[in-house]
Number of protein chains: 6
Amino acid sequence: MRITVCRKEHFNAAHRLYRPDWSDEKNDQVFGLCNNPNFHGHNYELIVRVTGEVDPETGFVIDLKYLGNIIKEKVANKFDHKNLNLDTEEFKNLNPTAENIAVVIWDILRAELDTKYDLKVVLYETERNFVEYPAD
Amino acid sequence: MRITVCRKEHFNAAHRLYRPDWSDEKNDQVFGLCNNPNFHGHNYELIVRVTGEVDPETGFVIDLKYLGNIIKEKVANKFDHKNLNLDTEEFKNLNPTAENIAVVIWDILRAELDTKYDLKVVLYETERNFVEYPAD
Amino acid sequence: MRITVCRKEHFNAAHRLYRPDWSDEKNDQVFGLCNNPNFHGHNYELIVRVTGEVDPETGFVIDLKYLGNIIKEKVANKFDHKNLNLDTEEFKNLNPTAENIAVVIWDILRAELDTKYDLKVVLYETERNFVEYPAD
Amino acid sequence: MRITVCRKEHFNAAHRLYRPDWSDEKNDQVFGLCNNPNFHGHNYELIVRVTGEVDPETGFVIDLKYLGNIIKEKVANKFDHKNLNLDTEEFKNLNPTAENIAVVIWDILRAELDTKYDLKVVLYETERNFVEYPAD
Amino acid sequence: MRITVCRKEHFNAAHRLYRPDWSDEKNDQVFGLCNNPNFHGHNYELIVRVTGEVDPETGFVIDLKYLGNIIKEKVANKFDHKNLNLDTEEFKNLNPTAENIAVVIWDILRAELDTKYDLKVVLYETERNFVEYPAD
Amino acid sequence: MRITVCRKEHFNAAHRLYRPDWSDEKNDQVFGLCNNPNFHGHNYELIVRVTGEVDPETGFVIDLKYLGNIIKEKVANKFDHKNLNLDTEEFKNLNPTAENIAVVIWDILRAELDTKYDLKVVLYETERNFVEYPAD
């Protein structure tokens, strides 16, 4: 009786997509407006999906309050109201695309959760652009 | 050519999370505010996902009006404007967590649907807390 | 240069619509399913609208973090995960219709806010049923 | 490190569900109001899900601007503000159910995308009725 | 103590914007894609706003179930799954723009409601295009 | 027969709230996390509300495609994927609070629209924080 429980949180951050080893022209060509040197930003919406057995005693797969607190402490507090490129270790040398942010968040949460749980993260950069990691 | 068709319905209900065989202290510790003895409530949003072959004659996997009627008759009418703990047989002796509600709904709908269909339910307790059963 | 700033919060509560001085028949006739004696519940969404001049120094009408904290302390903490009829002073003798809840919340917040501000509350009982007080 | 990236677009169209080889009675019985001879319509919301490896150079699975442009050129421009039954080749002889529209869109996009990508489409006919193709 | 209560309903319809007394060129120039001779369609979302005094006995401005039924019987049933231009008396000789549809709906509902109520309708043609009548 | 027509657009931008003439301590005290020197960002949602008479010939108050184009050219293109503090003339010396951004956008659009129209803008900084200018 495996079931998936999901918790939605959010954070607001600035970022810029570019590679320092590329020319300005190539950065503009590949990353377009997202390569604005002065950054732009997003309201990121994060859905964390945890899959496991329902504990017959509590009726919970995982306490969503506990899960929410982990997400807030380990992810939202780290990235909220930050410049991902300048203010975080994770993206000092990693392009903060939605894909890479999702993988970084997954790695952070994976280390916090019991291995009996499967984990997936869905990250909305905008209402129209979002990613899921890992893929089904 | 298997395809999944989804139908969204809703019901509003009161509930309380607790175990009668636990002390008040333990219930508070595990279930927190959700253990309010006088109940609280939610607008539950339910998405029913049915997977099957497209019928080449109709172009339907399943008639969504028919599916919607089953959900309304067998699930929404049973739980809408009810106290899950006090007014329903299903949760007389089962803690009405989102996980358990989803499994109960799945069991109800599974009995109504032809075995040629696969079935999954997604239940939103709030916009930020939701569950899927069964897990992928 | 008067401008309106809005802050959205939420709380989940149980309630029952009925009048103790009416017969069961009359309560059922007027309040229908909302008169379930064992209560039902909702995810209430609350939008608080504060109108005033923009402070030229800060660029704020009112600090939304401060406004959010007031709403949480004075409204959400009071009603969240509660039974409005049984657990609150405000609705001991007042039918907790969306209209009455909105007026009660407005009274609470009006007492907290400087008189230089105009105040309106919008309360969603469900996505489809909501009220605004006071009317324009 | 396979990841799924998603792009949401929309188009507004008229359609009618019916089979010319069926009697009016049978069309009404099976398709109900959707068989209105003068058509009705929807705001279709389309989510295109592309799964692949993250390119370590760009941090992209696929450039979402590029994907968005393909969807607009090949799907939205073809169906937006059209009568699916009368104005499109695809549904001249195919009943434009949500299921069939999803499969047609998948076929169109599959031909545009590199075979290294997996593809899924989610099509919302209304907020309450939607389909996913292919099923998981 | 005047308060506004709101009820959301929806209907799906086909329409075409054009004037029969104009040339095709002028219709195309003014109405663009909306002048497709074979029609297109929308999921219309309708919010009906009724303002009045709270009845001290019931705590209601108006029974939202009663209001919902009027909207369904008099508006949704009339327009849902219809071609506004071809299937309705109201738009036989009136261009079914969002503005005109809102005014027509307001006229229908105004005749149904007690004159002690103020009435406003909000009509979403799409999530991005909507109208309110009458203006504040 | 005055009616309000509304158009929703969006832009994604970085910003920082602070006053250069204040100490760091005062900026932190007043603007909190929003005073991050490296900026943060938002997906701004903008609703432009235009009120006027319905043109009896077209059934339009204003052509929403025309209005949408003005918003895109004059507002979204100016602010989208920009750092409001560093990349725009408007906020070189004006704190980019939601209130101030709304007033700036109103000024821009007011200059573009015929004086026969009334104008209001609603700006969502996040789903939970938004402003309307001018107030009713």
# chains A, B, ... in the order shown; residues from 1 in each chain; ligands from 1
>>> select_by_dssp(residues="chain A", states="alpha helix (DSSP H)", output="count of residues only")
38
>>> residues_around(residues="stretch 123-127 of chain A", least_positions_apart="2", cutoff="9 Å", atoms="only C-alpha atoms", output="PyMOL selection string")
(chain A and resi 42-48+98-99+101-102+121+129-133) or (chain D and resi 7-8) or (chain F and resi 12+43)
>>> select_by_dssp(residues="chain B", states="strand (DSSP E)", output="ChimeraX atom specification")
/B:2-15,40-53,82-83,118-124,129-133
>>> closest_atom_pairs(of="chain F", to="chain A", cutoff="9 Å", atoms="only C-alpha atoms", output="Markdown table")
| residue | atom | partner | partner_atom | distance |
| --- | --- | --- | --- | --- |
| F:Asn12 | CA | A:Gly41 | CA | 5.7 |
| F:Ala13 | CA | A:His40 | CA | 4.4 |
| F:Ala14 | CA | A:His40 | CA | 4.1 |
| F:His15 | CA | A:His40 | CA | 7.8 |
| F:Leu33 | CA | A:His81 | CA | 6.0 |
| F:Cys34 | CA | A:His81 | CA | 6.4 |
| F:Asn35 | CA | A:His81 | CA | 8.7 |
| F:Asn36 | CA | A:Lys82 | CA | 6.8 |
| F:Pro37 | CA | A:Asn83 | CA | 8.9 |
| F:Asn38 | CA | A:Asn83 | CA | 5.7 |
| F:Phe39 | CA | A:Asn83 | CA | 5.8 |
| F:His40 | CA | A:Ala14 | CA | 4.2 |
| F:Gly41 | CA | A:Gly41 | CA | 3.5 |
| F:His42 | CA | A:His42 | CA | 4.1 |
| F:Asn43 | CA | A:His42 | CA | 4.8 |
| F:Tyr44 | CA | A:His42 | CA | 8.3 |
| F:Asp80 | CA | A:His40 | CA | 7.9 |
| F:His81 | CA | A:His40 | CA | 4.8 |
| F:Lys82 | CA | A:His40 | CA | 5.2 |
| F:Asn83 | CA | A:His40 | CA | 5.5 |
| F:Leu84 | CA | A:His40 | CA | 8.5 |
| F:Leu86 | CA | A:Asn38 | CA | 6.9 |
| F:Asp87 | CA | A:Asn38 | CA | 7.3 |
| F:Glu125 | CA | A:Asn43 | CA | 8.6 |
| F:Thr126 | CA | A:Asn43 | CA | 6.9 |
>>> residues_around(residues="C:Val104", least_positions_apart="4", cutoff="8 Å", atoms="only C-alpha atoms", output="list in words")
Glu90, Asn100 and Ile108 of chain C
>>> write_last_selection(atoms="C-alpha atoms", output="short mmCIF file (atom, residue, chain, number, x, y, z; two decimals), in the first residue's frame")
data_model
loop_
_atom_site.label_atom_id
_atom_site.label_comp_id
_atom_site.auth_asym_id
_atom_site.auth_seq_id
_atom_site.Cartn_x
_atom_site.Cartn_y
_atom_site.Cartn_z
CA GLU C 90 -17.37 34.92 18.66
CA ASN C 100 -20.92 36.71 9.83
CA ILE C 108 -11.02 42.14 14.96
#
>>> residues_around(residues="stretch 50-63 of chain B", least_positions_apart="6", cutoff="9 Å", atoms="only C-alpha atoms", output="list in words")
Met1, Arg2, Ile3, Thr4, Val5, Cys6, Arg7, Lys116, Tyr117, Asp118, Leu119, Lys120 and Val121 of chain B; Leu17, Tyr18, Arg19, Val30, Phe31, Leu94, Asn95, Pro96, Thr97, Ala98, Glu99, Asn100, Ala135 and Asp136 of chain D
>>> atom_distance(atom1="atom CA of A:Glu112", atom2="atom CA of B:Val103")
27.1 Å
>>> atom_distance(atom1="atom CA of E:His10", atom2="atom CA of D:Asp28")
21.9 Å
